[in-house]
file start-v8.csv (CSV, C-alpha atoms and all ligand atoms)
chain,number,residue,atom,x,y,z
A,1,MET,CA,-59.0,60.1,242.2
A,2,ARG,CA,-60.0,62.8,239.8
A,3,ASN,CA,-63.4,62.6,238.4
A,4,PRO,CA,-64.6,65.0,235.6
A,5,ASN,CA,-67.9,65.2,237.5
A,6,VAL,CA,-66.2,66.7,240.6
A,7,PRO,CA,-65.1,70.3,240.6
A,8,GLU,CA,-61.7,70.8,242.0
A,9,SER,CA,-61.0,73.4,244.7
A,10,LEU,CA,-58.1,75.3,246.0
A,11,ASP,CA,-57.9,75.0,249.8
A,12,GLY,CA,-56.5,77.4,252.3
A,13,TRP,CA,-56.9,78.1,256.0
A,14,ALA,CA,-58.3,75.5,258.3
A,15,ILE,CA,-61.2,77.3,260.1
A,16,LEU,CA,-62.9,76.8,263.4
A,17,HIS,CA,-65.9,78.9,264.5
A,18,ARG,CA,-66.9,78.8,268.1
A,19,MET,CA,-70.0,80.4,269.6
A,20,PHE,CA,-70.2,81.0,273.3
A,21,ARG,CA,-72.6,82.3,275.9
A,22,LEU,CA,-71.1,84.8,278.3
A,23,ASN,CA,-72.2,84.2,281.9
A,24,ARG,CA,-72.6,87.9,282.6
A,25,ARG,CA,-73.9,87.6,286.1
A,26,GLY,CA,-71.0,85.4,287.0
A,27,TRP,CA,-68.5,87.8,285.4
A,28,ASP,CA,-70.1,90.9,287.0
A,29,ALA,CA,-69.8,89.2,290.4
A,30,LEU,CA,-66.0,89.1,290.2
A,31,GLY,CA,-63.9,91.7,291.8
A,32,ALA,CA,-62.3,94.3,289.5
A,33,GLU,CA,-58.8,93.0,290.1
A,34,GLN,CA,-59.7,89.4,289.2
A,35,GLN,CA,-61.6,90.6,286.1
A,36,ARG,CA,-58.5,92.5,285.0
A,37,ALA,CA,-56.2,89.4,285.5
A,38,ILE,CA,-58.6,87.1,283.6
A,39,GLU,CA,-59.0,89.7,280.8
A,40,ARG,CA,-55.2,90.2,280.5
A,41,GLU,CA,-54.6,86.5,280.2
A,42,ALA,CA,-57.2,86.2,277.4
A,43,VAL,CA,-56.0,89.4,275.6
A,44,ASP,CA,-52.5,88.0,275.6
A,45,LEU,CA,-53.5,84.8,273.9
A,46,PHE,CA,-56.0,86.5,271.5
A,47,ALA,CA,-53.5,89.2,270.5
A,48,GLY,CA,-50.9,86.5,269.8
A,49,LEU,CA,-53.2,84.5,267.6
A,50,ALA,CA,-54.4,87.6,265.7
A,51,ARG,CA,-50.9,88.8,264.8
A,52,ASP,CA,-49.2,85.5,264.1
A,53,PRO,CA,-48.8,85.0,260.3
A,54,ASP,CA,-49.7,81.3,260.8
A,55,THR,CA,-53.0,82.0,262.6
A,56,ASP,CA,-55.7,84.5,262.7
A,57,LEU,CA,-58.5,85.2,265.2
A,58,GLY,CA,-61.7,87.1,264.7
A,59,LEU,CA,-64.0,88.2,267.6
A,60,ALA,CA,-67.6,89.1,267.2
A,61,GLN,CA,-70.2,90.2,269.6
A,62,LEU,CA,-73.3,88.2,268.5
A,63,LEU,CA,-76.9,89.4,268.5
A,64,GLY,CA,-79.7,87.3,269.9
A,65,HIS,CA,-79.9,84.2,272.0
A,66,LYS,CA,-77.7,81.9,269.9
A,67,GLY,CA,-74.6,83.2,271.5
A,68,ASP,CA,-72.8,86.3,272.8
A,69,LEU,CA,-69.3,85.8,271.5
A,70,MET,CA,-68.1,84.2,268.3
A,71,LEU,CA,-64.4,83.3,267.9
A,72,THR,CA,-63.3,82.6,264.3
A,73,HIS,CA,-59.9,80.8,264.3
A,74,TYR,CA,-57.8,80.4,261.2
A,75,ALA,CA,-54.8,78.0,261.2
A,76,ARG,CA,-52.6,76.2,258.8
A,77,SER,CA,-53.7,72.7,259.9
A,78,PHE,CA,-56.4,71.0,262.0
A,79,ASP,CA,-53.6,70.2,264.4
A,80,ALA,CA,-53.0,73.9,265.0
A,81,LEU,CA,-56.7,74.5,265.3
A,82,GLY,CA,-56.8,71.8,268.0
A,83,GLU,CA,-54.0,73.5,269.8
A,84,MET,CA,-55.9,76.8,269.7
A,85,GLN,CA,-59.1,75.2,270.9
A,86,ALA,CA,-57.2,73.8,273.9
A,87,ARG,CA,-55.4,77.1,274.6
A,88,VAL,CA,-58.7,79.0,274.7
A,89,ASP,CA,-60.2,76.3,276.9
A,90,LYS,CA,-57.3,76.6,279.4
A,91,LEU,CA,-58.1,80.4,279.9
A,92,ALA,CA,-59.7,81.3,283.2
A,93,LEU,CA,-62.2,83.3,281.0
A,94,ARG,CA,-63.6,80.0,279.9
A,95,ASP,CA,-65.2,79.6,283.3
A,96,TYR,CA,-67.6,82.4,282.1
A,97,LEU,CA,-67.9,81.3,278.5
A,98,GLU,CA,-70.3,78.4,277.7
A,99,PRO,CA,-69.7,76.7,274.3
A,100,LEU,CA,-73.0,76.6,272.4
A,101,GLU,CA,-72.0,75.8,268.8
A,102,SER,CA,-68.9,75.3,266.7
A,103,TYR,CA,-68.1,74.7,263.0
A,104,VAL,CA,-65.1,73.1,261.3
A,105,SER,CA,-64.2,73.9,257.7
A,106,ILE,CA,-61.5,74.7,255.2
A,107,LEU,CA,-61.4,77.8,253.2
A,108,GLU,CA,-62.0,77.0,249.5
A,109,LEU,CA,-62.0,78.5,246.1
A,110,GLY,CA,-64.3,76.6,243.8
A,111,LEU,CA,-62.9,75.8,240.4
A,112,TYR,CA,-65.9,74.9,238.3
A,113,GLU,CA,-64.7,76.5,235.1
A,114,PHE,CA,-61.0,75.6,235.5
A,115,THR,CA,-61.7,71.9,236.3
A,116,ALA,CA,-63.5,71.5,233.0
A,117,LYS,CA,-60.6,73.3,231.3
A,118,ILE,CA,-58.0,71.0,232.8
A,119,HIS,CA,-59.9,67.9,231.7
A,120,ALA,CA,-60.3,69.3,228.2
A,121,GLU,CA,-56.7,70.4,227.8
A,122,LEU,CA,-55.4,67.0,229.0
A,123,ARG,CA,-57.7,65.3,226.6
A,124,ASP,CA,-56.4,67.5,223.8
A,125,ARG,CA,-52.9,66.7,224.7
A,126,GLY,CA,-53.8,63.0,224.2
A,127,LEU,CA,-53.0,62.0,227.8
A,128,LYS,CA,-54.6,58.8,229.1
A,129,PRO,CA,-56.9,59.7,232.0
A,130,HIS,CA,-55.4,58.8,235.4
A,131,SER,CA,-52.1,57.8,233.8
A,132,GLU,CA,-49.0,59.0,235.6
A,133,ALA,CA,-48.4,61.8,233.0
A,134,TRP,CA,-52.1,62.8,233.2
A,135,ASN,CA,-51.9,63.0,237.0
A,136,ALA,CA,-48.7,65.0,236.9
A,137,ALA,CA,-50.1,67.4,234.4
A,138,PHE,CA,-53.3,67.8,236.4
A,139,ASP,CA,-51.2,68.5,239.6
A,140,ALA,CA,-49.1,71.0,237.7
A,141,MET,CA,-52.1,73.0,236.4
A,142,LEU,CA,-53.8,73.0,239.9
A,143,ASP,CA,-50.6,74.0,241.5
A,144,GLU,CA,-50.2,76.9,239.1
A,145,GLN,CA,-53.7,78.1,240.0
A,146,ALA,CA,-52.9,77.9,243.7
A,147,HIS,CA,-49.8,80.0,243.2
A,148,GLU,CA,-51.5,82.5,241.0
A,149,PRO,CA,-51.0,85.6,243.1
A,150,ARG,CA,-54.7,86.5,243.3
A,151,ASN,CA,-55.7,83.0,244.4
A,152,ALA,CA,-52.7,82.6,246.8
A,153,ALA,CA,-53.7,85.8,248.5
A,154,ARG,CA,-57.3,84.7,249.0
A,155,LEU,CA,-56.5,81.3,250.3
A,156,PHE,CA,-54.6,82.7,253.2
A,157,ALA,CA,-56.1,86.1,253.5
A,158,ARG,CA,-56.6,87.6,257.0
A,159,ILE,CA,-60.1,87.8,258.4
A,160,PRO,CA,-61.7,90.8,256.7
A,161,GLN,CA,-61.7,93.8,259.0
A,162,ARG,CA,-65.2,94.9,258.5
A,163,ARG,CA,-67.6,95.8,261.3
A,164,TYR,CA,-70.5,93.4,260.6
A,165,ALA,CA,-70.2,89.7,260.3
A,166,CYS,CA,-72.7,87.0,259.4
A,167,PHE,CA,-72.0,83.2,259.5
A,168,TYR,CA,-74.2,80.4,258.4
A,169,PRO,CA,-73.8,76.8,257.1
A,170,MET,CA,-75.5,75.5,254.0
A,171,ASN,CA,-76.0,72.4,251.8
A,172,LYS,CA,-76.7,71.8,248.2
A,173,LYS,CA,-79.9,69.8,248.1
A,174,ARG,CA,-80.2,66.1,247.2
A,175,ASP,CA,-83.9,65.7,246.8
A,176,GLY,CA,-85.6,64.0,243.8
A,177,ALA,CA,-85.3,66.3,240.7
A,178,ASP,CA,-83.4,68.8,242.8
A,179,ASN,CA,-80.3,66.8,243.4
A,180,TRP,CA,-77.3,69.0,243.0
A,181,TYR,CA,-74.9,66.1,243.0
A,182,ALA,CA,-76.9,64.2,240.3
A,183,THR,CA,-77.0,67.3,238.1
A,184,PRO,CA,-74.7,67.2,235.0
A,185,TYR,CA,-71.4,69.1,235.4
A,186,ASP,CA,-72.1,71.7,232.7
A,187,GLU,CA,-75.4,72.6,234.3
A,188,ARG,CA,-73.8,73.1,237.7
A,189,ALA,CA,-71.0,75.1,236.2
A,190,LYS,CA,-73.5,77.3,234.4
A,191,MET,CA,-75.4,77.9,237.7
A,192,MET,CA,-72.2,78.7,239.5
A,193,LEU,CA,-71.3,81.2,236.9
A,194,GLU,CA,-74.6,82.9,237.4
A,195,HIS,CA,-74.1,82.7,241.2
A,196,GLY,CA,-70.7,84.5,240.7
A,197,LYS,CA,-72.3,87.2,238.6
A,198,ILE,CA,-74.9,88.0,241.3
A,199,GLY,CA,-72.2,87.9,243.9
A,200,ARG,CA,-70.0,90.3,241.9
A,201,SER,CA,-72.8,92.8,241.6
A,202,PHE,CA,-72.1,93.3,245.4
A,203,HIS,CA,-68.4,93.6,244.8
A,204,GLY,CA,-66.8,96.1,247.3
A,205,HIS,CA,-69.9,96.0,249.5
A,206,VAL,CA,-69.3,92.6,251.0
A,207,THR,CA,-66.4,90.2,251.5
A,208,GLN,CA,-67.4,86.6,251.5
A,209,VAL,CA,-65.3,83.7,252.8
A,210,ILE,CA,-66.6,80.3,251.6
A,211,SER,CA,-65.3,77.2,253.4
A,212,GLY,CA,-66.0,73.6,252.6
A,213,SER,CA,-67.0,71.3,255.5
A,214,ILE,CA,-68.0,68.1,253.6
A,215,GLY,CA,-66.5,65.3,255.7
A,216,PHE,CA,-65.9,67.6,258.7
A,217,ASP,CA,-69.1,69.0,260.0
A,218,ASP,CA,-72.9,68.7,259.8
A,219,TRP,CA,-73.4,70.9,256.7
A,220,GLU,CA,-71.5,71.1,253.5
A,221,TRP,CA,-70.3,74.7,253.4
A,222,GLY,CA,-69.7,77.6,255.8
A,223,VAL,CA,-70.5,81.1,254.6
A,224,ASP,CA,-68.9,84.0,256.3
A,225,LEU,CA,-70.0,87.5,255.1
A,226,TYR,CA,-68.4,90.7,256.2
A,227,ALA,CA,-69.6,94.2,255.5
A,228,ASP,CA,-69.6,97.8,256.7
A,229,ASP,CA,-73.4,97.9,256.8
A,230,PRO,CA,-75.5,94.9,257.9
A,231,LEU,CA,-78.2,95.7,255.4
A,232,VAL,CA,-75.9,94.5,252.7
A,233,PHE,CA,-76.3,90.9,254.1
A,234,LYS,CA,-80.1,91.1,253.8
A,235,LYS,CA,-79.9,92.4,250.2
A,236,LEU,CA,-77.2,90.0,249.1
A,237,VAL,CA,-78.7,86.9,250.6
A,238,TYR,CA,-82.2,87.9,249.3
A,239,ALA,CA,-80.8,88.4,245.8
A,240,MET,CA,-79.1,85.0,246.0
A,241,ARG,CA,-82.4,83.3,246.9
A,242,PHE,CA,-83.6,84.1,243.3
A,243,ASP,CA,-80.5,82.6,241.8
A,244,GLU,CA,-81.0,79.0,240.7
A,245,ALA,CA,-78.1,77.6,242.7
A,246,SER,CA,-79.7,78.9,245.9
A,247,ALA,CA,-83.4,78.9,244.8
A,248,ARG,CA,-83.5,75.2,243.8
A,249,PHE,CA,-80.6,73.8,245.7
A,250,GLY,CA,-79.8,75.9,248.7
A,251,GLU,CA,-80.5,74.6,252.2
A,252,PHE,CA,-79.5,76.7,255.1
A,253,GLY,CA,-78.6,76.2,258.7
A,254,ARG,CA,-78.8,78.8,261.5
A,255,PHE,CA,-77.5,82.3,261.0
A,256,TRP,CA,-75.2,84.1,263.5
A,257,THR,CA,-75.0,87.9,263.1
A,258,GLY,CA,-73.0,90.4,265.0
A,259,MET,CA,-70.3,93.0,265.2
A,260,GLN,CA,-66.6,92.3,264.9
A,261,PHE,CA,-64.4,93.9,267.6
A,262,SER,CA,-60.7,94.2,268.2
A,263,VAL,CA,-58.8,92.1,270.8
A,264,ALA,CA,-58.0,95.3,272.7
A,265,GLN,CA,-61.7,95.9,273.2
A,266,LEU,CA,-62.3,92.6,275.0
A,267,GLY,CA,-62.6,94.5,278.3
A,268,VAL,CA,-65.4,96.6,276.8
A,269,PHE,CA,-67.2,93.5,275.6
A,270,LEU,CA,-66.9,91.9,279.1
A,271,ALA,CA,-68.0,95.1,280.9
A,272,GLY,CA,-71.1,95.1,278.8
A,273,ALA,CA,-71.6,98.9,279.0
A,274,ALA,CA,-71.1,99.6,275.3
A,275,SER,CA,-70.6,97.6,272.1
A,276,PRO,CA,-66.9,96.8,271.7
A,277,ALA,CA,-65.4,98.5,268.6
A,278,LEU,CA,-63.4,97.4,265.7
A,279,LEU,CA,-60.4,99.7,265.8
A,280,ALA,CA,-58.2,100.7,262.9
A,281,ASP,CA,-55.3,98.2,262.4
A,282,ASP,CA,-52.5,99.9,264.3
A,283,ALA,CA,-54.6,100.6,267.4
A,284,ALA,CA,-56.3,97.1,267.3
A,285,GLN,CA,-53.6,95.0,268.9
A,286,PRO,CA,-52.4,95.7,272.4
A,287,ALA,CA,-48.6,95.4,272.9
A,288,LEU,CA,-47.7,92.0,274.2
A,289,ARG,CA,-46.3,92.2,277.7
A,301,LIG,O1,-64.7,82.7,244.4
A,301,LIG,C1,-65.2,83.5,243.5
A,301,LIG,O2,-65.3,84.7,243.8
A,301,LIG,C2,-65.6,83.0,242.2
A,301,LIG,C3,-67.0,82.8,242.1
A,301,LIG,C4,-67.7,82.2,243.3
A,301,LIG,C5,-67.7,80.8,243.6
A,301,LIG,C6,-67.0,79.6,243.0
A,301,LIG,C7,-68.5,82.8,244.2
A,301,LIG,C8,-68.7,84.2,244.2
A,301,LIG,N1,-69.0,81.9,245.1
A,301,LIG,C9,-68.5,80.7,244.8
A,301,LIG,C10,-68.8,79.5,245.4
A,301,LIG,MN1,-70.4,82.3,246.6
A,301,LIG,N2,-71.7,82.7,248.0
A,301,LIG,C11,-72.5,81.7,248.7
A,301,LIG,C12,-73.5,82.4,249.5
A,301,LIG,O3,-77.1,82.6,250.8
A,301,LIG,C13,-76.9,82.0,249.7
A,301,LIG,O4,-77.9,81.8,248.9
A,301,LIG,C14,-75.6,81.3,249.4
A,301,LIG,C15,-74.5,81.7,250.4
A,301,LIG,C16,-73.3,83.7,249.3
A,301,LIG,C17,-74.1,84.9,249.9
A,301,LIG,C18,-72.2,83.9,248.4
A,301,LIG,C19,-71.7,85.1,248.0
A,301,LIG,N3,-70.5,80.3,247.0
A,301,LIG,C20,-69.7,79.3,246.4
A,301,LIG,C21,-70.1,78.0,247.0
A,301,LIG,C22,-69.5,76.7,246.7
A,301,LIG,C23,-70.5,76.0,245.8
A,301,LIG,C24,-70.0,74.7,245.1
A,301,LIG,O5,-68.8,74.5,245.0
A,301,LIG,O6,-70.9,74.0,244.7
A,301,LIG,C25,-71.1,78.3,248.0
A,301,LIG,C26,-71.8,77.3,248.9
A,301,LIG,C27,-71.3,79.7,247.9
A,301,LIG,C28,-72.3,80.3,248.7
A,301,LIG,N4,-70.3,84.3,246.1
A,301,LIG,C29,-69.5,84.9,245.2
A,301,LIG,C30,-70.8,85.3,246.9
A,301,LIG,C31,-70.3,86.6,246.4
A,301,LIG,C32,-70.7,87.9,247.0
A,301,LIG,C33,-69.5,86.3,245.4
A,301,LIG,C34,-68.8,87.3,244.5
A,301,LIG,C35,-67.5,87.7,245.2
A,301,LIG,C36,-66.8,88.8,244.5
A,301,LIG,O7,-66.3,88.7,243.4
A,301,LIG,O8,-66.8,89.9,245.1
call {"tool": "encode", "arguments": {"input": "start-v8.csv", "output": "structure tokens"}}
result
Amino acid sequence: MRNPNVPESLDGWAILHRMFRLNRRGWDALGAEQQRAIEREAVDLFAGLARDPDTDLGLAQLLGHKGDLMLTHYARSFDALGEMQARVDKLALRDYLEPLESYVSILELGLYEFTAKIHAELRDRGLKPHSEAWNAAFDAMLDEQAHEPRNAARLFARIPQRRYACFYPMNKKRDGADNWYATPYDERAKMMLEHGKIGRSFHGHVTQVISGSIGFDDWEWGVDLYADDPLVFKKLVYAMRFDEASARFGEFGRFWTGMQFSVAQLGVFLAGAASPALLADDAAQPALR
């Protein structure tokens, strides 16, 4: 199963992004009492998902015509994501939310350097590749990485509570001389190291969540960026375009950009009079009735 050409990854949350259009005319035509009941039902579900240690939910008001609302679901399994999808679809609010797009992926930490280290170390130990002992030693080294506190925390981190969010899917190109997958491991590892360096120069200004979607969805990765200032997205993504991994190999899907808001602000979002806010943690979750 393990191939020295394939970088290993550590895998965390199962992620489902859903983009909806709000039928504002339809919503506005409802009576206040009915609006309140529909809103309360949705807030109850959303608040539960946002505070459960086994799930998380992010809400974002999107800019532009590609959607009005983005829900970002985190769960421990695809099964749990399926349950959440169905529970959202059972809400009365769904009569006013039209699904436009969705994206399925699993949060990943790429291990370019570490994979090479495992292969080298097992070779040095004289283990026969793919033997039982080799496999067991491989598993143990990966497992150790997954339990390393910094990695463990990132694999199941909560959705970053930063006001601005940007999501886009991407591929690594497979086109003639620019075929990422036909590029030797060492060259890819070197490019990823450079990529990480550029990324780290934005450390503190942006929180990125990379999720893998090969085998699940139409693109190969999902990129979620979170920042306190949207200009950071423009600067970061621009800087990345000059980095070889993106310049030569990056192919991008559509971008969704918007403002994260707290569950307790759903009513503000639905009313449409002001942009719903991202509140400080303690105020963010309404008490469950
Ligand atoms: O996880 C880590 O922080 C280690 C280094 C690292 C890896 C392995 C890293 C750092 N990234 C990794 C993997 Mn990234 N990243 C993107 C994009 O718009 C574009 O051009 C590309 C979209 C951005 C903006 C970004 C930001 N990264 C990946 C992968 C998997 C590739 C593979 O396995 O082949 C993709 C698709 C990808 C894409 N990256 C960082 C950032 C930032 C800001 C960092 C530094 C994080 C920090 O240390 O603060």
call {"tool": "closest_atom_pairs", "arguments": {"input": "start-v8.csv", "of": "chain A", "to": "ligand LIG 301 (chain A)", "cutoff": "7 Å", "atoms": "all atoms listed in the file", "output": "tab-separated table"}}
result
residue	atom	partner	partner_atom	distance
A:Leu109	CA	A:LIG301	O1	5.3
A:Gly110	CA	A:LIG301	C6	4.1
A:Leu111	CA	A:LIG301	C6	6.2
A:Tyr112	CA	A:LIG301	C6	6.7
A:Met170	CA	A:LIG301	C26	6.6
A:Met192	CA	A:LIG301	C6	6.3
A:Leu193	CA	A:LIG301	C3	6.9
A:His195	CA	A:LIG301	C7	6.4
A:Gly196	CA	A:LIG301	C8	4.0
A:Lys197	CA	A:LIG301	C34	6.9
A:Ile198	CA	A:LIG301	C34	6.9
A:Gly199	CA	A:LIG301	C31	3.4
A:Arg200	CA	A:LIG301	C34	4.1
A:Phe202	CA	A:LIG301	C32	5.8
A:His203	CA	A:LIG301	O8	4.0
A:Gly204	CA	A:LIG301	O8	6.6
A:Val206	CA	A:LIG301	C32	6.3
A:Thr207	CA	A:LIG301	O8	6.4
A:Gln208	CA	A:LIG301	C32	5.7
A:Ile210	CA	A:LIG301	C27	6.0
A:Trp221	CA	A:LIG301	C26	5.4
A:Val223	CA	A:LIG301	C15	5.8
A:Leu236	CA	A:LIG301	C17	6.0
A:Val237	CA	A:LIG301	O3	4.6
A:Met240	CA	A:LIG301	O4	4.5
A:Arg241	CA	A:LIG301	O4	5.1
A:Ser246	CA	A:LIG301	O4	4.5
A:Gly250	CA	A:LIG301	O4	6.2
call {"tool": "write_last_selection", "arguments": {"input": "start-v8.csv", "atoms": "C-alpha atoms", "output": "PDB file, in the coordinates of the input"}}
result
ATOM      1  CA  LEU A 109     -62.000  78.500 246.100  1.00  0.00           C
ATOM      2  CA  GLY A 110     -64.300  76.600 243.800  1.00  0.00           C
ATOM      3  CA  LEU A 111     -62.900  75.800 240.400  1.00  0.00           C
ATOM      4  CA  TYR A 112     -65.900  74.900 238.300  1.00  0.00           C
ATOM      5  CA  MET A 170     -75.500  75.500 254.000  1.00  0.00           C
ATOM      6  CA  MET A 192     -72.200  78.700 239.500  1.00  0.00           C
ATOM      7  CA  LEU A 193     -71.300  81.200 236.900  1.00  0.00           C
ATOM      8  CA  HIS A 195     -74.100  82.700 241.200  1.00  0.00           C
ATOM      9  CA  GLY A 196     -70.700  84.500 240.700  1.00  0.00           C
ATOM     10  CA  LYS A 197     -72.300  87.200 238.600  1.00  0.00           C
ATOM     11  CA  ILE A 198     -74.900  88.000 241.300  1.00  0.00           C
ATOM     12  CA  GLY A 199     -72.200  87.900 243.900  1.00  0.00           C
ATOM     13  CA  ARG A 200     -70.000  90.300 241.900  1.00  0.00           C
ATOM     14  CA  PHE A 202     -72.100  93.300 245.400  1.00  0.00           C
ATOM     15  CA  HIS A 203     -68.400  93.600 244.800  1.00  0.00           C
ATOM     16  CA  GLY A 204     -66.800  96.100 247.300  1.00  0.00           C
ATOM     17  CA  VAL A 206     -69.300  92.600 251.000  1.00  0.00           C
ATOM     18  CA  THR A 207     -66.400  90.200 251.500  1.00  0.00           C
ATOM     19  CA  GLN A 208     -67.400  86.600 251.500  1.00  0.00           C
ATOM     20  CA  ILE A 210     -66.600  80.300 251.600  1.00  0.00           C
ATOM     21  CA  TRP A 221     -70.300  74.700 253.400  1.00  0.00           C
ATOM     22  CA  VAL A 223     -70.500  81.100 254.600  1.00  0.00           C
ATOM     23  CA  LEU A 236     -77.200  90.000 249.100  1.00  0.00           C
ATOM     24  CA  VAL A 237     -78.700  86.900 250.600  1.00  0.00           C
ATOM     25  CA  MET A 240     -79.100  85.000 246.000  1.00  0.00           C
ATOM     26  CA  ARG A 241     -82.400  83.300 246.900  1.00  0.00           C
ATOM     27  CA  SER A 246     -79.700  78.900 245.900  1.00  0.00           C
ATOM     28  CA  GLY A 250     -79.800  75.900 248.700  1.00  0.00           C
TER      29      GLY A 250
END
call {"tool": "residues_around", "arguments": {"input": "start-v8.csv", "residues": "Glu220 of chain A", "least_positions_apart": "2", "cutoff": "9 Å", "atoms": "all atoms listed in the file", "output": "PyMOL selection string"}}
result
chain A and resi 105+169-172+211-218+222
call {"tool": "closest_residue", "arguments": {"input": "start-v8.csv", "among": "A:Gln265, A:Thr115, A:Asn151, A:Ser201", "to": "Val232 of chain A", "atoms": "all atoms listed in the file"}}
result
A:Ser201
call {"tool": "closest_residue", "arguments": {"input": "start-v8.csv", "among": "A:Trp180, A:Phe255, A:Phe242, A:Tyr96", "to": "Arg25 of chain A", "atoms": "only C-alpha atoms"}}
result
A:Tyr96
call {"tool": "atom_distance", "arguments": {"input": "start-v8.csv", "atom1": "atom CA of Asn23 of chain A", "atom2": "atom CA of Phe252 of chain A"}}
result
28.8 Å
call {"tool": "closest_residue", "arguments": {"input": "start-v8.csv", "among": "A:Trp13, A:Trp256, A:Trp219, A:Phe114", "to": "Glu144 of chain A", "atoms": "all atoms listed in the file"}}
result
A:Phe114
call {"tool": "closest_residue", "arguments": {"input": "start-v8.csv", "among": "A:Thr72, A:Asn5, A:Gln145, A:Ser131", "to": "Ala182 of chain A", "atoms": "only C-alpha atoms"}}
result
A:Asn5
call {"tool": "atom_distance", "arguments": {"input": "start-v8.csv", "atom1": "atom CA of Val209 of chain A", "atom2": "atom CA of Gly12 of chain A"}}
result
10.8 Å
call {"tool": "closest_residue", "arguments": {"input": "start-v8.csv", "among": "A:Ala245, A:Leu231, A:Val104, A:Ala146", "to": "Glu187 of chain A", "atoms": "only C-alpha atoms"}}
result
A:Ala245
call {"tool": "atom_distance", "arguments": {"input": "start-v8.csv", "atom1": "atom CA of Asp54 of chain A", "atom2": "atom CA of Leu22 of chain A"}}
result
27.9 Å
call {"tool": "residues_around", "arguments": {"input": "start-v8.csv", "residues": "Gly58 of chain A", "least_positions_apart": "4", "cutoff": "8 Å", "atoms": "only C-alpha atoms", "output": "count of residues only"}}
result
9
call {"tool": "closest_residue", "arguments": {"input": "start-v8.csv", "among": "A:Gly26, A:Gly82, A:Gly31, A:Pro7", "to": "Ala116 of chain A", "atoms": "only C-alpha atoms"}}
result
A:Pro7
